[in-house]
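Below is one structure, written out as structure tokens; the observations come after it.
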Amino acid sequence: PNPEHIRMALDLLYRQQGGGGTALLPALKRGLTLPRSEGVSRSFVIATDGYVAIEPEAFDLIRDHLGDAHFITYSIGTSVNRHLIEGMARVGAGEPFVVTKPDEAPGKAEKLRRYIQSPVLTQIRIDFGGFEAYDMEPARVPDLFAERPVLVYGKYRGKPAGTIQLSGRSGEHKFDDTLDAGTCRPMSENSALRYLWARARIAQLSDYNGLRPSEDRVRQITDLGLEYNLLTSTTSFVADRKSVV
């Protein structure tokens, strides 16, 4: 954008007046219908005062369009609903920006600018080929930024085999890279990865359950907590102390 476009955008923002509730879902749907140029990374900054009602369908929309757009939450206010703001960030595989004091705004705004100013790879796809992967988190891969790596958690069945291919677009160029899963061997030093996957799945289920409670999600959270020995909203640890005299 040139300086004239920036001035026009600022003038438009200064003339806006807001009131009432925040209808996030229709706004997201409308934004996603806007035309998109091939090979261009697209980011949506969800700016809110934190008083926002969010339906589970909004989480679904963000999660289902991770490969089409990057979603960032930026909330300003003294009573921000952190559960919703952080939940949107998690389902969008991003980072929440929360400003609760006026003097925090310049620093958080600069951090946001750095966070989204350097997209590296967009329209990312992962083809697991003969590698039998399942229960992937996130279900779709978000854009890669210089300030943020892409992390994908999942599980696999059988022995490591097959070729994993990652593809995407970097500007006007296509990008492809492959990994021979057969050359990788499980290592005891990486045993913590299973817990990272379980935590990611529990966090997602808990975020959805905070919007609309479900007995099925509660059961899944409980089962994951028990199977992976993790503290959750439905499980806890019991300390058994014995004194030897």
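Convention: chains lettered A, B, ... in structure tokens order; per-chain residue numbering from 1; ligands numbered from 1 as shown.
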**Those in stretch 31-226 of chain A with strand (DSSP E or B) from DSSP, as an MDAnalysis selection string** = chainID A and resid 43:48 53 70:76 96:99 119:127 133:137 144:145 148 153:156 163:170 173:180
**Asked** Which neighbours of stretch 129-146 of chain A fall inside 6 Å, counting only C-alpha atoms, when residues of the same chain fewer than 6 positions from it are skipped, and could you give them as a list in words?
**Response** Leu66, Gly67, Ser118, Pro119, Val120, Leu121, Thr122, Val152, Tyr153, Gly154, Lys155, Tyr156, Arg157, Ala161, Gly162 and Thr163 of chain A
Export N, CA, C and O atoms of the chosen residues as a compact mmCIF listing (two decimals), in the first residue's frame?
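After the write, again.txt holds the following:
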```
# COMPACT_ATOMS: atom_id res chain seq x y z
N LEU A 66 -7.77 -22.84 8.05
CA LEU A 66 -6.39 -22.55 8.40
C LEU A 66 -5.49 -22.47 7.17
O LEU A 66 -4.55 -21.69 7.12
N GLY A 67 -5.75 -23.30 6.18
CA GLY A 67 -4.93 -23.27 4.97
C GLY A 67 -5.27 -22.13 4.04
O GLY A 67 -4.53 -21.85 3.09
N SER A 118 6.18 -10.81 7.92
CA SER A 118 7.08 -11.62 7.08
C SER A 118 6.53 -13.02 6.86
O SER A 118 7.05 -14.00 7.43
N PRO A 119 5.50 -13.18 6.03
CA PRO A 119 5.05 -14.53 5.69
C PRO A 119 6.09 -15.22 4.81
O PRO A 119 6.67 -14.60 3.91
N VAL A 120 6.35 -16.47 5.09
CA VAL A 120 7.37 -17.22 4.37
C VAL A 120 6.76 -18.25 3.41
O VAL A 120 7.23 -18.42 2.28
N LEU A 121 5.71 -18.91 3.86
CA LEU A 121 5.11 -19.98 3.06
C LEU A 121 3.61 -20.00 3.30
O LEU A 121 3.15 -19.88 4.44
N THR A 122 2.84 -20.13 2.23
CA THR A 122 1.39 -20.17 2.33
C THR A 122 0.84 -21.35 1.53
O THR A 122 1.58 -22.00 0.79
N VAL A 152 3.14 -29.33 13.95
CA VAL A 152 2.07 -30.30 13.67
C VAL A 152 2.28 -31.50 14.60
O VAL A 152 3.36 -32.10 14.61
N TYR A 153 1.27 -31.81 15.37
CA TYR A 153 1.32 -32.96 16.26
C TYR A 153 0.43 -34.06 15.71
O TYR A 153 -0.59 -33.78 15.08
N GLY A 154 0.83 -35.30 15.96
CA GLY A 154 0.00 -36.41 15.51
C GLY A 154 0.54 -37.73 16.00
O GLY A 154 1.54 -37.80 16.73
N LYS A 155 -0.14 -38.80 15.60
CA LYS A 155 0.27 -40.15 15.95
C LYS A 155 0.38 -40.98 14.67
O LYS A 155 -0.12 -40.58 13.62
N TYR A 156 1.04 -42.11 14.77
CA TYR A 156 1.13 -42.98 13.60
C TYR A 156 1.01 -44.44 14.03
O TYR A 156 1.28 -44.79 15.19
N ARG A 157 0.60 -45.27 13.08
CA ARG A 157 0.46 -46.70 13.32
C ARG A 157 1.57 -47.45 12.60
O ARG A 157 2.07 -47.01 11.57
N ALA A 161 7.49 -45.60 7.95
CA ALA A 161 7.74 -45.94 6.55
C ALA A 161 7.01 -44.93 5.68
O ALA A 161 6.09 -44.24 6.10
N GLY A 162 7.46 -44.83 4.43
CA GLY A 162 6.82 -43.93 3.50
C GLY A 162 7.53 -42.58 3.44
O GLY A 162 8.49 -42.32 4.16
N THR A 163 7.04 -41.73 2.56
CA THR A 163 7.64 -40.42 2.35
C THR A 163 6.63 -39.33 2.70
O THR A 163 5.50 -39.33 2.19
```
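Taking only C-alpha atoms into account, A:Arg169 lies nearest to A:Gly39 out of the set A:Gly39, A:Pro3, A:Gly94, A:Pro106.
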Using only C-alpha atoms, what does the table of stretch 143-203 of chain A residues within 12 Å of stretch 214-232 of chain A look like, with each row giving the shortest atom pair and its distance in Å to one decimal, sorted by chain and ascending number, as a Markdown table?
```
| residue | atom | partner | partner_atom | distance |
| --- | --- | --- | --- | --- |
| A:Ser191 | CA | A:Tyr228 | CA | 11.7 |
| A:Ala192 | CA | A:Tyr228 | CA | 10.5 |
| A:Leu193 | CA | A:Tyr228 | CA | 11.3 |
| A:Arg194 | CA | A:Tyr228 | CA | 8.2 |
| A:Tyr195 | CA | A:Tyr228 | CA | 6.6 |
| A:Leu196 | CA | A:Tyr228 | CA | 10.1 |
| A:Trp197 | CA | A:Tyr228 | CA | 10.0 |
| A:Ala198 | CA | A:Leu224 | CA | 6.7 |
| A:Arg199 | CA | A:Leu230 | CA | 8.0 |
| A:Ala200 | CA | A:Leu224 | CA | 10.8 |
| A:Arg201 | CA | A:Ile221 | CA | 8.4 |
| A:Ile202 | CA | A:Ile221 | CA | 5.8 |
| A:Ala203 | CA | A:Ile221 | CA | 8.9 |
```
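Counting only C-alpha atoms, the residue from A:Ser79, A:Gln123, A:Thr100, A:Gln16 that sits nearest to A:Arg36 is A:Gln123.
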Quick one: contact table of stretch 54-127 of chain A to stretch 178-182 of chain A, 12 Å max, nearest atom pair and distance in Å to one decimal per residue, counting only C-alpha atoms, chain and number order, as JSON lines?
```
{"residue": "A:Arg125", "atom": "CA", "partner": "A:Thr178", "partner_atom": "CA", "distance": 11.8}
{"residue": "A:Ile126", "atom": "CA", "partner": "A:Thr178", "partner_atom": "CA", "distance": 9.6}
{"residue": "A:Asp127", "atom": "CA", "partner": "A:Thr178", "partner_atom": "CA", "distance": 9.3}
```
Convert the current residue selection to file output with all heavy atoms, as a short mmCIF file (atom, residue, chain, number, x, y, z; two decimals), in the first residue's frame.
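So the final result, stored in result_28.cif, reads:
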```
data_model
loop_
_atom_site.label_atom_id
_atom_site.label_comp_id
_atom_site.auth_asym_id
_atom_site.auth_seq_id
_atom_site.Cartn_x
_atom_site.Cartn_y
_atom_site.Cartn_z
N ARG A 125 0.52 -27.75 2.36
CA ARG A 125 -0.13 -29.05 2.38
C ARG A 125 0.90 -30.11 2.79
O ARG A 125 2.08 -30.01 2.43
CB ARG A 125 -0.70 -29.42 1.00
CG ARG A 125 -1.77 -28.46 0.51
CD ARG A 125 -3.06 -28.59 1.30
NE ARG A 125 -4.11 -27.74 0.76
CZ ARG A 125 -4.33 -26.48 1.14
NH1 ARG A 125 -3.54 -25.93 2.06
NH2 ARG A 125 -5.30 -25.78 0.60
N ILE A 126 0.43 -31.10 3.54
CA ILE A 126 1.30 -32.23 3.93
C ILE A 126 0.68 -33.51 3.41
O ILE A 126 -0.47 -33.82 3.69
CB ILE A 126 1.48 -32.31 5.46
CG1 ILE A 126 2.14 -31.04 6.00
CG2 ILE A 126 2.33 -33.53 5.82
CD1 ILE A 126 2.35 -31.05 7.50
N ASP A 127 1.47 -34.25 2.63
CA ASP A 127 1.05 -35.54 2.10
C ASP A 127 1.88 -36.61 2.80
O ASP A 127 3.11 -36.65 2.66
CB ASP A 127 1.27 -35.59 0.58
CG ASP A 127 0.81 -36.90 -0.03
OD1 ASP A 127 0.27 -37.76 0.73
OD2 ASP A 127 1.00 -37.10 -1.24
#
```
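With atom CA of A:Ser37 on one side and atom CA of A:Glu55 on the other, the separation reads 29.3 Å.
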If you count only C-alpha atoms, which residues fall within 8 Å of stretch 81-90 of chain A, apart from same-chain ones fewer than 6 positions away, as a short mmCIF file (atom, residue, chain, number, x, y, z; two decimals) with all heavy atoms, in the first residue's frame?
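What ended up in around_37.cif:
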```cif
data_model
loop_
_atom_site.label_atom_id
_atom_site.label_comp_id
_atom_site.auth_asym_id
_atom_site.auth_seq_id
_atom_site.Cartn_x
_atom_site.Cartn_y
_atom_site.Cartn_z
N GLY A 50 -13.03 -7.68 23.88
CA GLY A 50 -13.11 -8.84 24.75
C GLY A 50 -14.52 -9.22 25.15
O GLY A 50 -14.76 -10.32 25.65
N TYR A 51 -15.49 -8.31 24.94
CA TYR A 51 -16.89 -8.62 25.24
C TYR A 51 -17.52 -9.18 23.97
O TYR A 51 -18.22 -8.48 23.24
CB TYR A 51 -17.64 -7.37 25.69
CG TYR A 51 -17.14 -6.79 26.98
CD1 TYR A 51 -16.24 -5.74 26.98
CD2 TYR A 51 -17.58 -7.30 28.21
CE1 TYR A 51 -15.78 -5.21 28.17
CE2 TYR A 51 -17.12 -6.77 29.39
CZ TYR A 51 -16.22 -5.72 29.38
OH TYR A 51 -15.76 -5.20 30.56
N VAL A 52 -17.25 -10.42 23.69
CA VAL A 52 -17.70 -11.00 22.45
C VAL A 52 -18.29 -12.38 22.72
O VAL A 52 -17.74 -13.16 23.49
CB VAL A 52 -16.54 -11.10 21.42
CG1 VAL A 52 -15.36 -11.85 22.01
CG2 VAL A 52 -16.99 -11.75 20.13
N ILE A 54 -19.11 -15.94 21.21
CA ILE A 54 -18.60 -16.76 20.13
C ILE A 54 -19.30 -18.11 20.15
O ILE A 54 -19.38 -18.77 21.18
CB ILE A 54 -17.07 -16.96 20.25
CG1 ILE A 54 -16.37 -15.61 20.26
CG2 ILE A 54 -16.55 -17.82 19.12
CD1 ILE A 54 -14.87 -15.72 20.44
N PHE A 59 -15.36 -21.23 15.92
CA PHE A 59 -14.15 -22.03 16.07
C PHE A 59 -13.98 -22.98 14.89
O PHE A 59 -12.88 -23.14 14.36
CB PHE A 59 -14.20 -22.83 17.37
CG PHE A 59 -13.76 -22.06 18.60
CD1 PHE A 59 -13.71 -20.68 18.59
CD2 PHE A 59 -13.40 -22.73 19.75
CE1 PHE A 59 -13.31 -19.97 19.72
CE2 PHE A 59 -12.99 -22.05 20.88
CZ PHE A 59 -12.95 -20.66 20.86
N ILE A 62 -12.77 -21.07 11.75
CA ILE A 62 -11.33 -20.75 11.82
C ILE A 62 -10.50 -22.02 11.58
O ILE A 62 -9.55 -22.01 10.78
CB ILE A 62 -10.99 -20.13 13.18
CG1 ILE A 62 -11.66 -18.76 13.32
CG2 ILE A 62 -9.48 -20.00 13.34
CD1 ILE A 62 -11.50 -18.14 14.70
N PHE A 71 -5.40 -16.41 11.22
CA PHE A 71 -6.25 -15.66 12.13
C PHE A 71 -5.47 -15.26 13.38
O PHE A 71 -4.85 -16.11 14.03
CB PHE A 71 -7.47 -16.50 12.53
CG PHE A 71 -8.33 -16.91 11.36
CD1 PHE A 71 -8.07 -18.08 10.66
CD2 PHE A 71 -9.40 -16.12 10.96
CE1 PHE A 71 -8.86 -18.46 9.59
CE2 PHE A 71 -10.20 -16.49 9.90
CZ PHE A 71 -9.93 -17.65 9.21
N ILE A 72 -5.50 -13.97 13.71
CA ILE A 72 -4.82 -13.46 14.89
C ILE A 72 -5.83 -12.74 15.76
O ILE A 72 -6.67 -11.98 15.26
CB ILE A 72 -3.69 -12.46 14.51
CG1 ILE A 72 -2.74 -13.07 13.48
CG2 ILE A 72 -2.92 -12.02 15.74
CD1 ILE A 72 -2.94 -12.57 12.09
N THR A 73 -5.79 -12.96 17.07
CA THR A 73 -6.70 -12.28 17.98
C THR A 73 -5.95 -11.17 18.70
O THR A 73 -4.86 -11.38 19.24
CB THR A 73 -7.29 -13.25 19.01
OG1 THR A 73 -6.23 -13.92 19.71
CG2 THR A 73 -8.16 -14.28 18.34
N TYR A 74 -6.55 -9.97 18.70
CA TYR A 74 -5.96 -8.80 19.35
C TYR A 74 -7.07 -8.14 20.16
O TYR A 74 -8.01 -7.56 19.61
CB TYR A 74 -5.42 -7.82 18.30
CG TYR A 74 -4.56 -6.72 18.88
CD1 TYR A 74 -3.18 -6.86 18.95
CD2 TYR A 74 -5.13 -5.54 19.33
CE1 TYR A 74 -2.38 -5.84 19.47
CE2 TYR A 74 -4.34 -4.53 19.86
CZ TYR A 74 -2.98 -4.68 19.92
OH TYR A 74 -2.20 -3.68 20.45
N SER A 75 -6.99 -8.28 21.49
CA SER A 75 -8.07 -7.81 22.35
C SER A 75 -7.59 -6.71 23.27
O SER A 75 -6.50 -6.80 23.86
CB SER A 75 -8.62 -8.97 23.18
OG SER A 75 -9.76 -8.58 23.89
N PRO A 96 -2.32 -15.25 20.93
CA PRO A 96 -3.25 -14.18 21.31
C PRO A 96 -2.48 -12.94 21.76
O PRO A 96 -1.43 -13.03 22.40
CB PRO A 96 -4.01 -14.79 22.49
CG PRO A 96 -3.03 -15.74 23.11
CD PRO A 96 -2.18 -16.28 21.97
N GLN A 204 -7.92 -28.13 22.91
CA GLN A 204 -8.95 -27.89 21.90
C GLN A 204 -10.32 -28.33 22.40
O GLN A 204 -11.31 -27.59 22.26
CB GLN A 204 -8.61 -28.64 20.61
CG GLN A 204 -9.64 -28.45 19.51
CD GLN A 204 -9.55 -29.55 18.48
OE1 GLN A 204 -10.52 -30.22 18.16
NE2 GLN A 204 -8.37 -29.74 17.96
N ASP A 207 -11.58 -25.86 25.01
CA ASP A 207 -12.04 -24.60 24.42
C ASP A 207 -13.45 -24.74 23.87
O ASP A 207 -14.31 -23.88 24.09
CB ASP A 207 -11.08 -24.16 23.31
CG ASP A 207 -9.74 -23.68 23.84
OD1 ASP A 207 -9.69 -23.26 25.01
OD2 ASP A 207 -8.75 -23.73 23.09
N GLY A 210 -16.01 -25.03 26.65
CA GLY A 210 -16.32 -23.78 27.30
C GLY A 210 -17.40 -22.99 26.58
O GLY A 210 -18.10 -22.17 27.19
#
```
**Message:** as a ChimeraX atom specification, please: every residue in stretch 6-231 of chain A that a backbone DSSP assignment puts in helix (DSSP H, G or I).
**Reply:** /A:6-14,24-32,56-64,82-91,102-116,181-183,188-190,193-211,215-228
**Asked** Taking into account only C-alpha atoms, which residue in the set A:Thr48, A:Ile124, A:Leu12, A:Cys184 is nearest to A:Val99?
**Response** A:Thr48
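Shortest separation to A:Pro149 among A:Leu61, A:Ala93, A:Ile6, A:Ala239 occurs at residue A:Ala93, atoms counted being only C-alpha atoms.
Distances from A:Gly107, A:Pro102, A:Pro56, A:Pro26 to A:Thr78 were compared using only C-alpha atoms, and the smallest one belongs to A:Pro102.
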**Message:** Report as a PyMOL selection string all protein, DNA and RNA residues lying within 12 Å of A:Thr33, evaluated on only C-alpha atoms, omitting residues in the same chain fewer than 6 positions from it.
**Reply:** chain A and resi 26-27+65+68-69
**Request:** Mind giving me the straight-line distance from atom CA of A:Ile76 to atom CA of A:Asp49 in Å, one decimal?
**Result:** 4.8 Å
